[in-house]
Structures are given as structure tokens and as C-alpha cells.
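**Q** My file is work-v3.cif. It has mmCIF, C-alpha atoms:
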```
data_model
loop_
_atom_site.label_atom_id
_atom_site.label_comp_id
_atom_site.auth_asym_id
_atom_site.auth_seq_id
_atom_site.Cartn_x
_atom_site.Cartn_y
_atom_site.Cartn_z
CA MET A 1 12.98 -1.12 -28.49
CA GLN A 2 11.44 -4.43 -27.52
CA SER A 3 13.79 -6.89 -25.86
CA THR A 4 11.21 -9.56 -25.09
CA ASP A 5 12.09 -13.12 -26.06
CA LEU A 6 8.87 -13.88 -27.85
CA ASP A 7 9.62 -17.59 -28.23
CA ARG A 8 9.99 -17.99 -24.49
CA LEU A 9 6.92 -15.90 -23.81
CA GLU A 10 4.94 -17.96 -26.30
CA ARG A 11 6.02 -21.20 -24.61
CA ARG A 12 4.99 -19.80 -21.23
CA ALA A 13 1.66 -18.60 -22.59
CA ARG A 14 1.05 -21.99 -24.20
CA ARG A 15 1.71 -23.72 -20.89
CA GLY A 16 -0.78 -21.37 -19.23
CA TYR A 17 -3.31 -22.08 -21.96
CA GLU A 18 -3.01 -25.84 -21.50
CA GLN A 19 -3.19 -25.58 -17.70
CA ALA A 20 -6.31 -23.44 -17.98
CA ARG A 21 -7.86 -25.98 -20.33
CA ILE A 22 -7.09 -28.80 -17.88
CA ARG A 23 -8.67 -26.85 -15.00
CA ARG A 24 -11.69 -26.08 -17.13
CA ALA A 25 -12.00 -29.71 -18.24
CA LEU A 26 -11.82 -30.98 -14.66
CA THR A 27 -14.51 -28.51 -13.62
CA GLY A 28 -16.66 -29.42 -16.60
CA VAL A 29 -16.58 -33.11 -15.85
CA LEU A 30 -17.32 -32.63 -12.15
CA PRO A 31 -20.98 -33.77 -12.57
CA VAL A 32 -19.66 -37.26 -13.36
CA ALA A 33 -17.77 -37.34 -10.06
CA LEU A 34 -20.87 -36.05 -8.23
CA LEU A 35 -23.01 -38.68 -9.90
CA VAL A 36 -20.67 -41.50 -8.93
CA ALA A 37 -20.43 -40.12 -5.38
CA LEU A 38 -24.24 -39.94 -5.18
CA VAL A 39 -24.70 -43.53 -6.36
CA SER A 40 -21.99 -44.65 -3.96
CA CYS A 41 -23.36 -42.70 -0.96
CA LEU A 42 -26.92 -43.86 -1.50
CA GLY A 43 -25.71 -47.45 -1.57
CA LEU A 44 -27.52 -48.08 -4.84
CA HIS A 45 -24.76 -50.24 -6.29
CA PRO A 46 -23.90 -53.73 -5.05
CA HIS A 47 -20.26 -53.52 -6.20
CA PRO A 48 -19.07 -50.03 -5.21
CA HIS A 49 -15.41 -50.76 -6.02
CA VAL A 50 -16.16 -51.78 -9.59
CA MET A 51 -18.52 -48.83 -9.94
CA LEU A 52 -15.82 -46.46 -8.66
CA VAL A 53 -13.29 -47.79 -11.18
CA VAL A 54 -15.77 -47.41 -14.06
CA GLY A 55 -16.82 -43.98 -12.75
CA ALA A 56 -13.19 -42.88 -12.57
CA SER A 57 -12.71 -44.03 -16.17
CA ALA A 58 -15.77 -42.02 -17.25
CA PHE A 59 -14.38 -39.01 -15.38
CA ALA A 60 -10.95 -39.38 -16.98
CA LEU A 61 -12.39 -39.83 -20.47
CA GLY A 62 -14.69 -36.82 -20.07
CA ALA A 63 -11.83 -34.66 -18.77
CA ALA A 64 -9.55 -35.76 -21.63
CA LEU A 65 -12.21 -35.01 -24.24
CA LEU A 66 -12.98 -31.59 -22.78
CA TRP A 67 -9.28 -30.77 -22.57
CA PHE A 68 -8.72 -31.83 -26.18
CA GLY A 69 -11.58 -29.63 -27.42
CA ARG A 70 -13.32 -29.45 -30.80
CA GLU A 71 -15.69 -32.29 -31.78
CA PRO A 72 -14.68 -34.67 -28.96
CA ALA A 73 -15.40 -31.95 -26.37
CA ARG A 74 -18.82 -31.37 -27.87
CA ALA A 75 -19.54 -35.08 -27.40
CA VAL A 76 -19.19 -35.04 -23.62
CA LEU A 77 -22.55 -33.55 -22.62
CA PRO A 78 -24.72 -35.58 -25.02
CA GLY A 79 -22.72 -38.70 -24.14
CA LEU A 80 -23.18 -38.11 -20.44
CA LEU A 81 -26.90 -37.38 -20.75
CA ALA A 82 -27.50 -40.39 -22.99
CA GLY A 83 -25.47 -42.57 -20.60
CA LEU A 84 -27.72 -41.56 -17.71
CA LEU A 85 -30.57 -43.55 -19.30
CA PRO A 86 -28.99 -47.03 -18.96
CA LEU A 87 -27.39 -46.00 -15.66
CA TRP A 88 -30.64 -45.13 -13.89
CA LEU A 89 -32.65 -47.85 -15.60
CA ALA A 90 -30.12 -50.47 -14.48
CA LEU A 91 -30.09 -49.18 -10.91
CA CYS A 92 -33.89 -49.03 -10.80
CA ALA A 93 -34.15 -52.52 -12.28
CA ARG A 94 -31.89 -53.88 -9.60
CA HIS A 95 -34.16 -52.57 -6.87
CA TRP A 96 -37.63 -53.03 -8.34
CA GLY A 97 -37.23 -54.92 -11.59
CA HIS A 98 -38.60 -58.39 -10.92
CA VAL A 99 -41.25 -60.17 -12.90
CA CYS A 100 -42.73 -62.82 -10.62
CA THR A 101 -45.07 -65.56 -11.74
CA ASP A 102 -46.50 -68.43 -9.69
CA ASN A 103 -43.48 -70.62 -10.35
CA ASP A 104 -40.64 -68.28 -11.04
CA CYS A 105 -39.19 -64.87 -10.23
CA MET A 106 -37.12 -63.36 -13.02
CA SER A 107 -34.73 -60.44 -12.66
CA MET A 108 -35.20 -57.71 -15.26
CA CYS A 109 -31.65 -56.36 -14.94
CA LEU A 110 -30.27 -57.54 -18.27
CA PRO A 111 -33.31 -56.69 -20.43
CA VAL A 112 -33.52 -53.27 -18.80
CA CYS A 113 -29.77 -52.67 -19.36
CA ALA A 114 -30.23 -53.56 -23.02
CA ALA A 115 -33.32 -51.34 -23.27
CA GLY A 116 -31.36 -48.47 -21.67
CA GLY A 117 -28.60 -49.02 -24.22
CA VAL A 118 -31.11 -48.94 -27.09
CA LEU A 119 -32.60 -45.68 -25.78
CA ALA A 120 -29.14 -44.15 -25.38
CA GLY A 121 -28.20 -45.21 -28.92
CA LEU A 122 -31.38 -43.68 -30.32
CA VAL A 123 -30.81 -40.42 -28.44
CA VAL A 124 -27.18 -40.17 -29.60
CA SER A 125 -27.97 -40.99 -33.22
CA TRP A 126 -30.86 -38.50 -33.24
CA TYR A 127 -28.68 -35.74 -31.76
CA GLY A 128 -25.70 -36.54 -34.00
CA ALA A 129 -27.84 -36.61 -37.14
CA LEU A 130 -29.49 -33.34 -36.13
CA ARG A 131 -26.12 -31.61 -35.81
CA ARG A 132 -24.37 -33.42 -38.67
CA ARG A 133 -21.39 -34.43 -36.57
CA THR A 134 -18.08 -35.97 -37.66
CA VAL A 135 -16.72 -39.43 -36.90
CA TRP A 136 -14.82 -38.05 -33.88
CA PHE A 137 -18.09 -37.01 -32.34
CA TRP A 138 -19.55 -40.49 -32.78
CA VAL A 139 -16.51 -42.22 -31.34
CA SER A 140 -16.23 -39.84 -28.36
CA THR A 141 -19.90 -39.72 -27.54
CA SER A 142 -20.16 -43.51 -27.77
CA GLY A 143 -17.26 -43.92 -25.34
CA MET A 144 -18.77 -41.42 -22.93
CA THR A 145 -22.26 -42.95 -23.14
CA LEU A 146 -21.04 -46.51 -22.65
CA LEU A 147 -18.81 -45.64 -19.69
CA THR A 148 -21.55 -43.59 -18.00
CA GLY A 149 -24.07 -46.35 -18.65
CA ALA A 150 -21.59 -48.93 -17.37
CA VAL A 151 -21.50 -47.15 -13.99
CA GLY A 152 -25.03 -48.44 -13.45
CA ALA A 153 -24.89 -51.56 -15.58
CA THR A 154 -22.04 -53.10 -13.57
CA CYS A 155 -24.66 -53.86 -10.90
CA ALA A 156 -25.66 -56.71 -13.22
CA GLY A 157 -22.00 -57.72 -13.69
CA TYR A 158 -20.10 -57.70 -16.95
CA GLN A 159 -23.19 -59.12 -18.65
CA GLY A 160 -25.00 -55.90 -17.81
CA VAL A 161 -22.25 -53.88 -19.48
CA LEU A 162 -22.39 -56.14 -22.54
CA ALA A 163 -26.18 -55.76 -22.63
CA VAL A 164 -25.86 -51.96 -22.58
CA ALA A 165 -23.21 -52.09 -25.33
CA ALA A 166 -25.31 -54.41 -27.50
CA GLY A 167 -28.42 -52.31 -26.95
CA TYR A 168 -26.48 -49.14 -27.69
CA GLY A 169 -25.17 -50.59 -30.96
CA LEU A 170 -28.67 -51.62 -31.95
CA GLY A 171 -30.16 -48.23 -31.04
CA LEU A 172 -27.42 -46.41 -32.91
CA ALA A 173 -27.91 -48.56 -36.00
CA VAL A 174 -31.68 -48.06 -35.96
CA GLY A 175 -31.20 -44.32 -35.44
CA PHE A 176 -28.77 -44.16 -38.36
CA ILE A 177 -31.14 -46.03 -40.66
CA VAL A 178 -34.08 -43.82 -39.69
CA ALA A 179 -32.01 -40.63 -40.10
CA ARG A 180 -30.75 -41.80 -43.51
CA TRP A 181 -34.22 -42.76 -44.60
CA ARG A 182 -35.64 -39.40 -43.53
CA ARG A 183 -32.80 -37.53 -45.25
CA SER A 184 -33.30 -39.43 -48.51
CA GLY A 185 -37.03 -38.67 -48.25
CA GLN A 186 -36.28 -34.96 -47.92
CA THR A 187 -33.87 -34.86 -50.88
CA PRO A 188 -35.53 -33.00 -53.76
CA GLU A 189 -35.79 -35.01 -56.97
CA GLY A 190 -33.54 -33.92 -59.79
CA PRO A 191 -34.74 -33.14 -63.34
CA HIS A 192 -35.81 -36.21 -65.37
CA MET B 1 12.86 -12.96 -32.60
CA ASN B 2 9.48 -14.06 -33.87
CA GLU B 3 7.82 -12.26 -36.69
CA VAL B 4 4.54 -10.59 -35.88
CA ILE B 5 1.41 -10.80 -37.97
CA GLU B 6 -0.89 -7.91 -38.81
CA THR B 7 -4.39 -9.21 -39.41
CA GLU B 8 -7.89 -7.83 -39.69
CA PRO B 9 -10.02 -8.08 -36.55
CA THR B 10 -12.31 -10.58 -38.30
CA ASP B 11 -9.32 -12.87 -38.85
CA LEU B 12 -8.43 -12.49 -35.20
CA ASN B 13 -12.00 -13.34 -34.22
CA ALA B 14 -11.85 -16.50 -36.32
CA LEU B 15 -8.44 -17.47 -34.92
CA MET B 16 -9.57 -16.79 -31.36
CA ALA B 17 -12.71 -18.86 -31.93
CA ARG B 18 -10.56 -21.75 -33.16
CA LEU B 19 -8.26 -21.45 -30.16
CA ALA B 20 -11.20 -21.32 -27.76
CA ASP B 21 -12.50 -24.47 -29.39
CA GLY B 22 -9.19 -26.24 -28.72
CA ASP B 23 -7.49 -25.89 -32.11
CA ARG B 24 -3.83 -25.62 -31.06
CA THR B 25 -2.67 -24.67 -34.56
CA ALA B 26 -4.30 -21.26 -34.00
CA PHE B 27 -2.14 -20.56 -30.95
CA THR B 28 0.93 -19.12 -32.66
CA PRO B 29 -1.04 -16.94 -35.13
CA VAL B 30 -3.15 -15.56 -32.25
CA PHE B 31 -0.03 -14.90 -30.21
CA ARG B 32 1.81 -13.15 -33.04
CA THR B 33 -1.25 -11.13 -34.02
CA LEU B 34 -2.00 -9.94 -30.52
CA TRP B 35 1.51 -9.20 -29.29
CA PRO B 36 2.13 -5.93 -31.22
CA LYS B 37 -1.33 -4.59 -30.38
CA VAL B 38 -1.03 -5.44 -26.71
CA TYR B 39 2.50 -4.05 -26.50
CA ARG B 40 1.47 -0.84 -28.26
CA LEU B 41 -1.42 -0.33 -25.84
CA CYS B 42 0.75 -1.02 -22.78
CA ARG B 43 3.42 1.31 -24.09
CA HIS B 44 0.85 4.02 -24.57
CA LEU B 45 -0.68 3.54 -21.14
CA LEU B 46 2.52 3.15 -19.14
CA GLN B 47 4.87 5.43 -21.11
CA SER B 48 7.84 3.23 -20.22
CA SER B 49 9.35 0.44 -22.29
CA ALA B 50 10.32 -1.72 -19.33
CA ASP B 51 6.96 -1.46 -17.60
CA ALA B 52 5.16 -1.89 -20.91
CA GLU B 53 7.04 -5.11 -21.61
CA ASP B 54 6.26 -6.50 -18.16
CA ALA B 55 2.61 -5.60 -18.46
CA ALA B 56 2.35 -6.84 -22.04
CA GLN B 57 3.96 -10.17 -21.13
CA GLN B 58 1.62 -10.68 -18.19
CA ALA B 59 -1.33 -9.58 -20.29
CA MET B 60 -0.44 -12.04 -23.07
CA GLU B 61 -0.21 -14.89 -20.56
CA LYS B 62 -3.59 -13.93 -19.09
CA ILE B 63 -5.27 -13.47 -22.46
CA LEU B 64 -4.08 -16.85 -23.72
CA SER B 65 -4.81 -18.69 -20.49
CA ARG B 66 -8.33 -17.30 -20.70
CA ALA B 67 -8.66 -18.07 -24.41
CA SER B 68 -10.95 -21.03 -23.70
CA GLU B 69 -13.40 -18.67 -21.97
CA TYR B 70 -13.54 -16.35 -24.97
CA ASP B 71 -17.15 -15.54 -25.90
CA LEU B 72 -17.48 -16.17 -29.64
CA SER B 73 -20.22 -13.58 -30.02
CA ARG B 74 -17.87 -10.74 -29.02
CA PRO B 75 -14.97 -9.29 -31.02
CA ALA B 76 -11.63 -10.64 -29.86
CA GLN B 77 -9.52 -7.50 -30.06
CA PRO B 78 -11.44 -5.33 -27.55
CA TRP B 79 -11.69 -8.33 -25.24
CA ALA B 80 -7.92 -8.89 -25.37
CA LEU B 81 -7.07 -5.19 -25.09
CA GLY B 82 -9.45 -4.86 -22.15
CA ILE B 83 -7.43 -7.50 -20.31
CA ALA B 84 -4.20 -5.71 -21.29
CA GLY B 85 -5.59 -2.36 -20.08
CA TRP B 86 -6.53 -3.93 -16.79
CA GLU B 87 -3.05 -5.45 -16.47
CA CYS B 88 -1.47 -2.03 -17.01
CA ARG B 89 -3.68 -0.56 -14.32
CA SER B 90 -2.75 -3.36 -11.89
CA LEU B 91 0.96 -2.99 -12.65
CA ARG B 92 0.86 0.77 -12.09
CA LYS B 93 -1.03 0.30 -8.82
CA ARG B 94 1.53 -2.27 -7.66
CA THR B 95 4.41 0.01 -8.63
CA THR B 96 2.86 2.98 -6.87
CA ARG B 97 2.20 0.97 -3.74
CA ARG B 98 5.76 -0.41 -3.73
CA ARG B 99 7.18 3.08 -4.22
CA GLU B 100 5.04 4.43 -1.39
CA LEU B 101 6.20 1.69 0.95
CA SER B 102 9.92 1.69 0.13
CA ASP B 103 10.67 5.29 -0.64
CA GLU B 104 7.96 7.40 0.81
CA ALA B 105 10.11 10.36 1.69
CA ALA B 106 12.45 10.43 -1.28
CA PRO B 107 11.08 12.51 -4.15
CA ASP B 108 10.84 10.83 -7.52
CA PRO B 109 13.17 12.66 -9.93
CA ARG B 110 10.67 12.12 -12.72
CA ASP B 111 8.07 13.99 -10.68
CA ALA B 112 10.27 17.08 -10.86
CA ARG B 113 9.64 17.34 -14.59
CA PRO B 114 7.10 19.94 -15.56
CA GLY B 115 3.75 18.32 -16.26
CA ALA B 116 4.67 14.96 -14.67
CA ASP B 117 1.56 15.03 -12.48
CA ASP B 118 -0.61 15.74 -15.48
CA ALA B 119 0.92 12.79 -17.31
CA LEU B 120 0.18 10.49 -14.37
CA VAL B 121 -3.39 11.71 -14.17
CA GLU B 122 -3.81 11.22 -17.90
CA ARG B 123 -2.47 7.67 -17.69
CA ASP B 124 -4.88 6.88 -14.87
CA LEU B 125 -7.74 8.25 -16.90
CA VAL B 126 -6.79 6.22 -19.96
CA ALA B 127 -6.52 3.05 -17.88
CA GLY B 128 -9.91 3.80 -16.32
CA ALA B 129 -11.38 4.38 -19.76
CA MET B 130 -10.03 0.99 -20.89
CA ALA B 131 -11.73 -0.70 -17.95
CA ALA B 132 -14.98 1.15 -18.71
CA LEU B 133 -14.61 0.15 -22.36
CA GLY B 134 -14.77 -3.49 -21.33
CA THR B 135 -18.30 -2.96 -20.00
CA LEU B 136 -19.66 -1.65 -23.33
CA SER B 137 -21.34 -3.66 -26.07
CA SER B 138 -19.16 -5.25 -28.72
CA ASN B 139 -20.37 -2.75 -31.37
CA ASP B 140 -19.46 0.21 -29.19
CA GLN B 141 -16.08 -1.31 -28.38
CA GLU B 142 -15.35 -1.88 -32.05
CA THR B 143 -16.36 1.65 -33.01
CA LEU B 144 -14.21 3.25 -30.31
CA LEU B 145 -11.21 1.04 -30.92
CA ALA B 146 -11.43 1.64 -34.65
CA SER B 147 -11.30 5.38 -33.93
CA TYR B 148 -8.53 4.92 -31.37
CA PHE B 149 -6.28 2.96 -33.71
CA ASP B 150 -7.25 5.07 -36.74
CA ARG B 151 -8.51 1.95 -38.41
CA ALA B 152 -10.89 1.97 -41.34
CA SER B 153 -14.43 1.17 -40.24
CA ALA B 154 -17.17 -0.70 -42.07
CA VAL B 155 -19.20 2.52 -42.10
CA SER B 156 -18.04 6.05 -42.73
CA GLY B 157 -19.08 9.68 -42.68
CA ALA B 158 -22.12 10.77 -40.69
CA THR B 159 -23.05 7.24 -39.62
CA LEU B 160 -19.62 6.66 -38.13
CA ARG B 161 -19.69 10.06 -36.40
CA LYS B 162 -23.10 9.39 -34.86
CA ARG B 163 -22.12 5.88 -33.84
CA ARG B 164 -18.91 7.18 -32.27
CA GLU B 165 -20.78 9.92 -30.39
CA ARG B 166 -23.28 7.45 -29.01
CA ALA B 167 -20.52 5.02 -28.03
CA LEU B 168 -18.62 7.84 -26.32
CA ASP B 169 -21.76 8.85 -24.40
CA ARG B 170 -22.16 5.31 -23.19
CA LEU B 171 -18.45 5.14 -22.31
CA ARG B 172 -18.83 8.32 -20.22
CA VAL B 173 -21.82 6.83 -18.39
CA ALA B 174 -19.89 3.59 -17.74
CA PHE B 175 -16.86 5.59 -16.55
CA ARG B 176 -19.00 7.62 -14.16
CA ARG B 177 -20.65 4.48 -12.88
CA LEU B 178 -17.29 2.81 -12.25
CA TYR B 179 -15.36 5.72 -10.76
CA ALA B 180 -18.07 8.22 -9.80
CA ILE B 181 -16.15 11.04 -11.54
CA ASP B 182 -16.57 12.89 -14.84
#
```
Show me the file's structure as C-alpha cells.
**A**
Amino acid sequence: MQSTDLDRLERRARRGYEQARIRRALTGVLPVALLVALVSCLGLHPHPHVMLVVGASAFALGAALLWFGREPARAVLPGLLAGLLPLWLALCARHWGHVCTDNDCMSMCLPVCAAGGVLAGLVVSWYGALRRRTVWFWVSTSGMTLLTGAVGATCAGYQGVLAVAAGYGLGLAVGFIVARWRRSGQTPEGPH
Amino acid sequence: MNEVIETEPTDLNALMARLADGDRTAFTPVFRTLWPKVYRLCRHLLQSSADAEDAAQQAMEKILSRASEYDLSRPAQPWALGIAGWECRSLRKRTTRRRELSDEAAPDPRDARPGADDALVERDLVAGAMAALGTLSSNDQETLLASYFDRASAVSGATLRKRRERALDRLRVAFRRLYAID
């Protein structure tokens, strides 16, 4: 005869399940921490404290999404990869991105941040359209992309972050329009 | 006490897939579906209600804490029962070790029963077979477990017999590889 209190066992098992998911999420989002540590150690960022705060936010968001699971969890990797574009472009622009003429020397930080955002938006919209994702995917992947991109873009101050966000919005919109246009072009015509 | 749910393995696969994906609403159905199967297996392997309950409880906690690692391409039931079989083996090893340490000289009254040694050997063999089962392909696992639980299979007659024979051959090979005995 079974004497096990199944309710208590279920509660214990559920706690174990959640703890395992948290451990797994923290492991899964470790690349973000490594990335931030790398940027910090190489001294690529002029404001390491700001970068660390933004990096910690990206880490926390990624961990929360992976812990939650389903569509938001599936958004972490594409969001992170897309966010790497503005991140590296912004850091490269800070070191080499100057356009110098005879009279003037212009920093390319902001245009490059915006261009990185556009590229990230295009990548995310292409991937999302390919996989036919839900609204949760779009929201989660956008958050992840923008925070990862902001790790690099903060080297140009808050304007850099705004440039990435504006570029991302533009890239996403263009990607949506192109995906919609292509889908409508593929739709077979009905009987006349 | 909670009610338990009897479901088809395909339902369990779907529920397990949802749970692995993070759908918490699948937790209770998975728990209630797996509990009777896990308990039955532990009871069969350990031959003692108390030990079976301990092992089944630990197995359930392990299965569900590893639910996120569940490979969607494999059937859930053999995967879960493999963990339970392993838990039974660990529990018996722990019990044996504890008994050896604490009461080495005192004879176990149960051992005085005729055939007690045979029963222990049989239990060890069954636990070993469960561990070897975990190394087989999902199709082989399904075939053998369907035979073990007398469950209706998708195929029948000669096909089932041949499939079962081949799966058993592979199980024997895996068993020999793991334990170096026939």
C-alpha cells in the first residue's frame, strides 16, 4: 500500500524542476557574461561601469527568458547574435571610425551604431519571419538584441543607445515589409 | 491523495516535450502519469514497499529536475524508467553498503529464507538490464518496454517477434559490454 504524500512530493519535485531550470538558464546565458568580461578586460569600452550595468541587465534578461522557456527562451540566441552586430560595430567605430577631411575630423560612432541597429533589425526580422514566431518572440528578441547592442553602443553615450534603437526599429520595419511583400507574392491566386 | 493518470506513451511524450519547453501546466499531468509507472518499476526491482517508495520518490525528483534536458526525439517513458531503474540500483547499493558497515557479523533474517540469494541475484540482474536498456535506441527501448508491461504495440505478430528478438540481442550485447558477464 502506498503511503506517499503525493502533494508534498509534487511540490518538492516542482521546486527541483525550477531550480534545475534556473541553473540551466544561468549556464546558457554565460556567453553574455564572458562577452562583457572580454570587452572589459581588453579595455575596449571608455565607460566600463556603465557597460557592466548594461551587461548585467542583458545577463539578467537572458537568464529570465531562458528560465521562463517557450517562445521567449527561443529568442535569446538570435537576440544575442543579432545584438553582437551593433556591439562590435560600435566598439570598432570608437577605435577606428573617423572620417577626416582637410578641415574637419568626424567621429563615425553614431552612424555606425545606427547601421548596426539596422543590420540587427534586418537579421531578427528575417529569422522571425522564417520561423513564423509569435509576438512574445519579437518582444523578447528585441529586448535581448537592444541590451546586447547597448553594451557596445554606450561607448557613444546614451545617444549611441538611441541610435541603435532607432536603427533597430528601422531595420525591423523594413524586414517586416519585405517579408510581407514576399509572402504576398508567394500566395497562390484564388479562382476568378 | 492525488489521483493518478493513465496515458498512452505518445501523450506522455507530448507532455514531457511541453514541460521541457517550460510549459508549467504540463507539470502535474506528467507527475501523475509517471508516478504509478515509476512506483511499479521500483516495487518490482526492490521487492519492498518502503524501499520502493524511497526510490520512487527520489527517482521522481530526479526525473522532473532533469525534465528540461529531455531529448524530444526519444520516447519519454523509457527515459524516465531508466532513471528510476538507476535510482533503484543506487539505493540497493547504498543499503548493502550500510548493512555491511553496521552489521557485518549479524546474519540477515531474510537471508535465511530459501531462495533469498537467488532473489537478490535476480534483482541485481534486472537493475543491470534497466541500465543496459538506457543505452539502446528509442525503438528498441519501446519494443522491450511494451513487452515488459504487456502493452499493445503498433505492430504485431511476426514483425513484433522479430523486432523483440533483435532488441533483446542488442540488450544482451549492451549488458555484456557494461558488466562483462552473460
**Q** Tell me the residues of chain B close to chain A, meaning within 6 Å using only C-alpha atoms, as a PyMOL selection string.
**A** chain B and resi 21-22+61+64-65
**Q** Run through the PyMOL selection byres ((chain B and resi 43) around 12) on the given coordinates and return the selected residues as an NGL selection string.
**A** (:A and (1-2)) or (:B and (35-42 or 44-57 or 84-85 or 88 or 123 or 127))
**Q** Run the PyMOL selection byres ((chain A and resi 115) around 9) on the file and write out the hits as a PyMOL selection string.
**A** chain A and resi 86+89+110-114+116-120+163-164+167-168+171
**Q** Interatomic distance between CA of Ala25 in chain A and CA of Ala63 in chain A?
**A**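 One can read the CA of Ala25 in chain A to CA of Ala63 in chain A distance as 5.0 Å.
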**Q** List, as a ChimeraX atom specification, every residue that the PyMOL selection byres ((chain A and resi 44) around 12) selects in the file provided.
**A** /A:35-43,45-48,51,87-96,151-155
**Q** Got time to write the residues from that selection, C-alpha atoms, as a PDB file, in the coordinates of the input?
**A**
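Wrote it out as result02.pdb, contents follow:
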```pdb
ATOM      1  CA  LEU A  35     -23.010 -38.680  -9.900  1.00  0.00           C
ATOM      2  CA  VAL A  36     -20.670 -41.500  -8.930  1.00  0.00           C
ATOM      3  CA  ALA A  37     -20.430 -40.120  -5.380  1.00  0.00           C
ATOM      4  CA  LEU A  38     -24.240 -39.940  -5.180  1.00  0.00           C
ATOM      5  CA  VAL A  39     -24.700 -43.530  -6.360  1.00  0.00           C
ATOM      6  CA  SER A  40     -21.990 -44.650  -3.960  1.00  0.00           C
ATOM      7  CA  CYS A  41     -23.360 -42.700  -0.960  1.00  0.00           C
ATOM      8  CA  LEU A  42     -26.920 -43.860  -1.500  1.00  0.00           C
ATOM      9  CA  GLY A  43     -25.710 -47.450  -1.570  1.00  0.00           C
ATOM     10  CA  HIS A  45     -24.760 -50.240  -6.290  1.00  0.00           C
ATOM     11  CA  PRO A  46     -23.900 -53.730  -5.050  1.00  0.00           C
ATOM     12  CA  HIS A  47     -20.260 -53.520  -6.200  1.00  0.00           C
ATOM     13  CA  PRO A  48     -19.070 -50.030  -5.210  1.00  0.00           C
ATOM     14  CA  MET A  51     -18.520 -48.830  -9.940  1.00  0.00           C
ATOM     15  CA  LEU A  87     -27.390 -46.000 -15.660  1.00  0.00           C
ATOM     16  CA  TRP A  88     -30.640 -45.130 -13.890  1.00  0.00           C
ATOM     17  CA  LEU A  89     -32.650 -47.850 -15.600  1.00  0.00           C
ATOM     18  CA  ALA A  90     -30.120 -50.470 -14.480  1.00  0.00           C
ATOM     19  CA  LEU A  91     -30.090 -49.180 -10.910  1.00  0.00           C
ATOM     20  CA  CYS A  92     -33.890 -49.030 -10.800  1.00  0.00           C
ATOM     21  CA  ALA A  93     -34.150 -52.520 -12.280  1.00  0.00           C
ATOM     22  CA  ARG A  94     -31.890 -53.880  -9.600  1.00  0.00           C
ATOM     23  CA  HIS A  95     -34.160 -52.570  -6.870  1.00  0.00           C
ATOM     24  CA  TRP A  96     -37.630 -53.030  -8.340  1.00  0.00           C
ATOM     25  CA  VAL A 151     -21.500 -47.150 -13.990  1.00  0.00           C
ATOM     26  CA  GLY A 152     -25.030 -48.440 -13.450  1.00  0.00           C
ATOM     27  CA  ALA A 153     -24.890 -51.560 -15.580  1.00  0.00           C
ATOM     28  CA  THR A 154     -22.040 -53.100 -13.570  1.00  0.00           C
ATOM     29  CA  CYS A 155     -24.660 -53.860 -10.900  1.00  0.00           C
TER      30      CYS A 155
END
```
**Q** If I take CA of Ala158 in chain B and CA of Ala129 in chain B, how far is one from the other in Å, to one decimal?
**A**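 Separation between CA of Ala158 in chain B and CA of Ala129 in chain B: 24.4 Å.
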**Q** Give me, please, the distance in Å between CA of Trp181 in chain A and CA of Val135 in chain A, quoted to one decimal.
**A**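 Rounded to one decimal, the two atoms are 19.4 Å apart.
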**Q** With all atoms listed in the file as the basis for distance, which of B:Gln77, B:Tyr70, B:Glu100, B:Trp86 is at the shortest distance from Ala146 in chain B?
**A**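 So, comparing all the options, the nearest one is B:Gln77.
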